Each structure stands twice: as C-alpha cells, then as structure tokens.
Amino acid sequence: MLHNRPHLLFCLLMALTFSQVVLAQPQNRRPRFRRMAFVTDTVMVHDPVMAYERGQYYLLSTGNGLQWATSKDRKTWVVQSTPFIEQLPQWTQDSVPGFRNHVWAPDIVRWHNRWWLTYSCSTFGKNTSAIGLMSADRLNGEWRDEGCLVKSQEKRNDWNAIDSNIAIDDNDTPWMVWGSFWDGIQLARLDTTMHLATAPVTIARRHRLGDPNAAENPTSKFAGRNAIEAPFIFKHDGYYYLFVSWDYCCRGAKSNYRVAVGRSKTIDGPYLDREGKDMAKGGGTLFLEGDKQEFEAAGHCAAYHFDGEDIFICHGYSTRLNGQSILVQHTIKWTSDGWPTLQ
C-alpha cells in the first residue's frame with residue numbers, strides 16, 4: 001500500500017473509546033505471561049485479512065509486526081497488544097533501507113496442511129520493497145521464516161513488491177498477485193515451496209498506458225498516476241474474480257479509495273469487467289465506494305467463504321469517526337449473470 005500506516009498504539013487507544021478493557025491471554029506463539037488486550041466491536045484496521053481455525057477467527061492487518069485480533073463470531077473482537085510477528089527476520093531491514101517493524105498488507109492462506117503468511121516491507125512512496133513469507137502448522141503455533149518471495153527496486157523494476165495475495169487454482173497450483181501504482185497489478189505462478197516460478201505479468205492498471213486524463217498523484221512524486229493496488233483473487237462458480245483498489249487511501253476524510261472488479265475463466269487472465277474491457281487496459285467495474293454517510297471511502301479488500309456464506313471485508317474511512325479506518329464486513333450475493341454484489 002502506498003501510504004503511511006497508523007501505529008498499533010493508535011489502534012489500541014481508539015479501541016479504548018469503544019471497548020471495555022480486560023486482561024486476556026493472547027493467542028500467541030510462546031505465551032509467558034498475561035498481557036493486556038481490548039474487547040471491542042469496532043476494530044481500527046488497515047488492509048485486513050482473515051483466517052479461521054478451531055472455532056476462532058483471526059484478523060490480521062497492517063501494524064508493527066502486524067496488528068491482530070481474534071473472535072468467535074466476527075462481531076466481538078479481542079484486539080491483541082503484542083505483534084503477530086514477534087521477531088522479524090534480519091533480511092527485511094537489509095533488503096529495504098529505512099524499513100524497521102511497521103509491516104504492511106498481510107495475506108494468509110491454508111495450503112497443503114500448512115498456513116502461509118505473506119507480508120510487505122517498504123517505505124512511504126518508494127518501490128524498493130519486498131514481500132516476505134512465513135509458514136506454520138497452526139495459526140497460534142511457531143512461525144518459520146521462509147525468506148523473501150519477491151523484491152522490487154527503484155530504477156530497476158516498474159512495479160512495487162507490496163500488497164500480496166496468494167490464490168490456488170483448480171489444479172492446486174498457487175499463484176501470487178501483488179502491486180501498487182507504477183505499472184499496476186502483477187501476477188506470477190508459485191512453485192511447491194511457495195516461491196516465484198515465473199516472471200511477473202501485469203494484469204490490471206488504473207489507466208491505460210499513456211492516458212493523458214490520469215490525475216496527478218497527490219501522495220508521491222515517485223509512484224506516478226497509476227492509482228491501483230491491493231489485489232485479491234476469489235474463485236466462484238467457474239470464474240476467478242480480481243478485486244482491486246482504485247485511487248487514494250489513508251487521507252482520512254479526504255480519501256477517495258474504492259474497489260473495482262473483473263473476472264476471468266483462467267487465473268492468469270485476461271480479467272474483463274462487466275462491459276468486456278480488459279483490466280490490463282484500464283478496465284474494471286466499480287464494486288464499492290464511500291456513500292459519504294457511513295463511510296467516506298473504502299478499499300483494500302479480501303473475500304472468503306465462511307459458514308456457508310461468501311464474505312467481503314475491507315477497511316473503510318468512517319464518517320462518524322472523522323475518517324478513522326475501521327473494519328467493514330458484508331455478505332456477497334451473486335447476480336443471475338454471475339457478478340458479485342454486496343448485501
């Protein structure tokens with residue numbers, strides 16, 4: 001994600017406004033003592049993803065070592081005060097100058113009886129970035145460093161190695177989609193170790209190349225005008241649906257973030273919008289935007305099949321909270337011609 005992220009401390013302080021404070025044992029990997037946690041039904045997040053194991057939902061999002069929370073029902077959340085990644089591998093700081101512990105945009109997937117966690121290491125407005133990989137048998141187990149999945153470098157790559165999502169195709173092959181600004185959304189096939197097996201290919205752009213109508217970037221002089229990021233692929237009824245976020249987040253009430261979608265019969269595209277336009281050439285059907293009543297803007301989404309329903313989550317900039325970013329959840333319904341809508 002091309003922006004500054006709110007600190008975990010800020011999220012915890014905001015949680016105090018809406019929640020009661022309890023002493024709780026966090027679902028951590030090596031618990032040694034009781035730590036403070038916060039119970040709330042309003043979770044302050046950026047770039048949320050979810051996973052479910054043994055009767056409990058896990059919510060991961062951007063923050064120092066990744067922010068996380070747990071829930072039995074996806075309504076009441078226990079926001080943990082300790083990082084999900086307790087110790088980042090040294091290579092993250094060696095590979096990305098200026099990066100410390102503020103980890104962006106996680107993704108988590110279960111594949112071959114193991115959990116795989118990707119996370120982004122970067123600094124504001126630059127594309128010298130890296131996507132890291134960890135794995136574990138259980139969500140609350142020991143996480144093993146699996147190294148760097150992909151790295152981008154300023155003046156070498158015309159894409160940005162952040163905002164990753166892993167999707168599994170019908171042949172049980174993993175693929176990773178990622179990207180923010182520059183030349184847009186990238187896709188590559190992964191091997192059996194979950195590392196890149198093919199070179200990345202651009203599958204979605206906010207604007208067609210050289211579009212003179214593309215608006216100036218108000219957040220970075222480096223990233224250009226291709227305001228697209230945060231891809232997520234969701235399989236439904238014979239199609240792969242590619243969700244992306246357009247325009248600008250993280251500006252509070254000034255944010256104009258929104259979600260667009262396209263679909264393909266094959267995971268490697270092309271992804272076409274409802275009018276048949278290729279997302280690699282600027283296509284995309286608007287799926288969600290702020291209504292200016294409940295949310296000023298919304299984006300960086302994920303989609304899951306939980307408890308017999310298709311669930312859509314993202315972060316939204318709350319109007320009643322003066323543009324603060326909170327967790328948004330909706331049920332996905334499908335039209336007769338196979339396009340997603342929100343309930």
# chains A, B, ... in the order shown; residues from 1 in each chain; ligands from 1

$ residues_around --residues "region 324-327 of chain A" --least-positions-apart "6" --cutoff "8 Å" --atoms "only C-alpha atoms" --output "list in words"
Thr42, Val43, Met44, Val45, His46, Pro48, Gly252, Ala253, Ile313, Cys314, His315, Gly316, Tyr317 and Ser318 of chain A

$ residues_around --residues "Trp115 (chain A)" --least-positions-apart "3" --cutoff "7 Å" --atoms "only C-alpha atoms" --output "ChimeraX atom specification"
/A:108-111,135-139

$ closest_residue --among "A:Tyr57, A:Ile185, A:Trp143, A:Trp116" --to "Leu88 (chain A)" --atoms "only C-alpha atoms"
A:Trp143

$ select_by_dssp --residues "region 112-208 of chain A" --states "strand (DSSP E)" --output "MDAnalysis selection string"
chainID A and resid 114:121 129:136 144:152 165:168 174:178 185:189 201:204

$ atom_distance --atom1 "CA of Ile228 (chain A)" --atom2 "CA of Met279 (chain A)"
10.7 Å

$ select_by_dssp --residues "region 94-305 of chain A" --states "helix (DSSP H, G or I)" --output "ChimeraX atom specification"
/A:94-95,252-254,279-281

$ residues_around --residues "Glu154 (chain A)" --least-positions-apart "3" --cutoff "10 Å" --atoms "only C-alpha atoms" --output "JSON, numbers by chain"
{"A": [126, 127, 128, 129, 157, 158, 159, 160, 222]}

$ write_last_selection --atoms "N, CA, C and O atoms" --output "PDB file, in the first residue's frame"
ATOM      1  N   LYS A 126       7.980   4.743  -2.067  1.00  0.00           N
ATOM      2  CA  LYS A 126       9.117   4.181  -2.796  1.00  0.00           C
ATOM      3  C   LYS A 126       8.791   2.743  -3.230  1.00  0.00           C
ATOM      4  O   LYS A 126       8.005   2.057  -2.589  1.00  0.00           O
ATOM      5  N   ASN A 127       9.420   2.296  -4.315  1.00  0.00           N
ATOM      6  CA  ASN A 127       9.182   0.909  -4.734  1.00  0.00           C
ATOM      7  C   ASN A 127      10.395   0.017  -4.525  1.00  0.00           C
ATOM      8  O   ASN A 127      10.500  -1.056  -5.133  1.00  0.00           O
ATOM      9  N   THR A 128      11.323   0.431  -3.648  1.00  0.00           N
ATOM     10  CA  THR A 128      12.296  -0.525  -3.125  1.00  0.00           C
ATOM     11  C   THR A 128      11.611  -1.242  -1.976  1.00  0.00           C
ATOM     12  O   THR A 128      11.520  -0.726  -0.862  1.00  0.00           O
ATOM     13  N   SER A 129      11.070  -2.404  -2.276  1.00  0.00           N
ATOM     14  CA  SER A 129      10.164  -3.112  -1.373  1.00  0.00           C
ATOM     15  C   SER A 129      10.401  -4.610  -1.469  1.00  0.00           C
ATOM     16  O   SER A 129      11.047  -5.088  -2.405  1.00  0.00           O
ATOM     17  N   ASN A 157      12.813  -1.916 -11.335  1.00  0.00           N
ATOM     18  CA  ASN A 157      11.510  -2.530 -11.591  1.00  0.00           C
ATOM     19  C   ASN A 157      10.430  -1.461 -11.726  1.00  0.00           C
ATOM     20  O   ASN A 157      10.400  -0.496 -10.965  1.00  0.00           O
ATOM     21  N   ASP A 158       9.541  -1.663 -12.689  1.00  0.00           N
ATOM     22  CA  ASP A 158       8.419  -0.740 -12.866  1.00  0.00           C
ATOM     23  C   ASP A 158       7.166  -1.290 -12.186  1.00  0.00           C
ATOM     24  O   ASP A 158       6.055  -1.201 -12.702  1.00  0.00           O
ATOM     25  N   TRP A 159       7.352  -1.919 -11.054  1.00  0.00           N
ATOM     26  CA  TRP A 159       6.248  -2.381 -10.213  1.00  0.00           C
ATOM     27  C   TRP A 159       6.730  -2.360  -8.761  1.00  0.00           C
ATOM     28  O   TRP A 159       7.922  -2.184  -8.502  1.00  0.00           O
ATOM     29  N   ASN A 160       5.795  -2.520  -7.842  1.00  0.00           N
ATOM     30  CA  ASN A 160       6.105  -2.392  -6.415  1.00  0.00           C
ATOM     31  C   ASN A 160       5.740  -3.685  -5.685  1.00  0.00           C
ATOM     32  O   ASN A 160       4.590  -4.141  -5.750  1.00  0.00           O
ATOM     33  N   PHE A 222       7.045   9.868  -6.882  1.00  0.00           N
ATOM     34  CA  PHE A 222       7.754   8.733  -7.477  1.00  0.00           C
ATOM     35  C   PHE A 222       6.822   7.729  -8.152  1.00  0.00           C
ATOM     36  O   PHE A 222       7.190   7.131  -9.153  1.00  0.00           O
TER      37      PHE A 222
END

$ closest_residue --among "A:Ala223, A:Ala303, A:Ile131, A:Ala167" --to "Glu146 (chain A)" --atoms "only C-alpha atoms"
A:Ile131

$ closest_residue --among "A:Asp145, A:Asp307, A:Asp169, A:Asp211" --to "Tyr239 (chain A)" --atoms "only C-alpha atoms"
A:Asp169

$ atom_distance --atom1 "CA of Phe232 (chain A)" --atom2 "CA of Asp107 (chain A)"
9.4 Å

$ residues_around --residues "Cys121 (chain A)" --least-positions-apart "2" --cutoff "7 Å" --atoms "only C-alpha atoms" --output "MDAnalysis selection string"
chainID A and resid 92 96 99 103:104 119 129:131

$ closest_residue --among "A:Tyr240, A:Trp246, A:Ser164, A:Gly262" --to "Glu275 (chain A)" --atoms "only C-alpha atoms"
A:Gly262

$ atom_distance --atom1 "CA of Trp334 (chain A)" --atom2 "CA of Val201 (chain A)"
28.9 Å

$ residues_around --residues "Arg225 (chain A)" --least-positions-apart "6" --cutoff "7 Å" --atoms "only C-alpha atoms" --output "PyMOL selection string"
chain A and resi 214-217

$ write_last_selection --atoms "N, CA and C atoms" --output "PDB file, in the first residue's frame"
ATOM      1  N   ALA A 214      -5.242  10.778 -16.806  1.00  0.00           N
ATOM      2  CA  ALA A 214      -4.923  10.270 -15.470  1.00  0.00           C
ATOM      3  C   ALA A 214      -4.560  11.441 -14.553  1.00  0.00           C
ATOM      4  N   ALA A 215      -5.188  11.477 -13.368  1.00  0.00           N
ATOM      5  CA  ALA A 215      -4.994  12.589 -12.444  1.00  0.00           C
ATOM      6  C   ALA A 215      -3.614  12.541 -11.807  1.00  0.00           C
ATOM      7  N   GLU A 216      -3.109  13.703 -11.438  1.00  0.00           N
ATOM      8  CA  GLU A 216      -1.837  13.782 -10.730  1.00  0.00           C
ATOM      9  C   GLU A 216      -1.913  13.034  -9.409  1.00  0.00           C
ATOM     10  N   ASN A 217      -0.789  12.474  -8.988  1.00  0.00           N
ATOM     11  CA  ASN A 217      -0.708  11.755  -7.718  1.00  0.00           C
ATOM     12  C   ASN A 217      -0.463  12.757  -6.587  1.00  0.00           C
TER      13      ASN A 217
END

$ closest_residue --among "A:Leu190, A:Leu288, A:Leu272, A:Ala37" --to "His300 (chain A)" --atoms "only C-alpha atoms"
A:Leu288

$ closest_residue --among "A:Gln186, A:Gln67, A:Ser220, A:Ser152" --to "Ile203 (chain A)" --atoms "only C-alpha atoms"
A:Gln186

$ residues_around --residues "Trp178 (chain A)" --least-positions-apart "6" --cutoff "7 Å" --atoms "only C-alpha atoms" --output "PyMOL selection string"
chain A and resi 161-165+185-187+230-231

$ write_last_selection --atoms "C-alpha atoms" --output "CSV table (one decimal), in the first residue's frame"
chain,number,residue,atom,x,y,z
A,161,ALA,CA,6.5,-5.6,-4.3
A,162,ILE,CA,3.8,-5.0,-1.8
A,163,ASP,CA,0.1,-5.9,-1.3
A,164,SER,CA,0.3,-9.6,-2.0
A,165,ASN,CA,-2.4,-12.2,-2.2
A,185,ILE,CA,-1.0,-5.3,-10.6
A,186,GLN,CA,1.4,-8.2,-11.1
A,187,LEU,CA,0.8,-11.9,-11.3
A,230,ALA,CA,-4.3,-4.2,-3.2
A,231,PRO,CA,-5.4,-7.1,-5.5

$ residues_around --residues "region 320-322 of chain A" --least-positions-apart "5" --cutoff "12 Å" --atoms "only C-alpha atoms" --output "NGL selection string"
:A and (14 or 17-18 or 42 or 44 or 251-255 or 292-297)
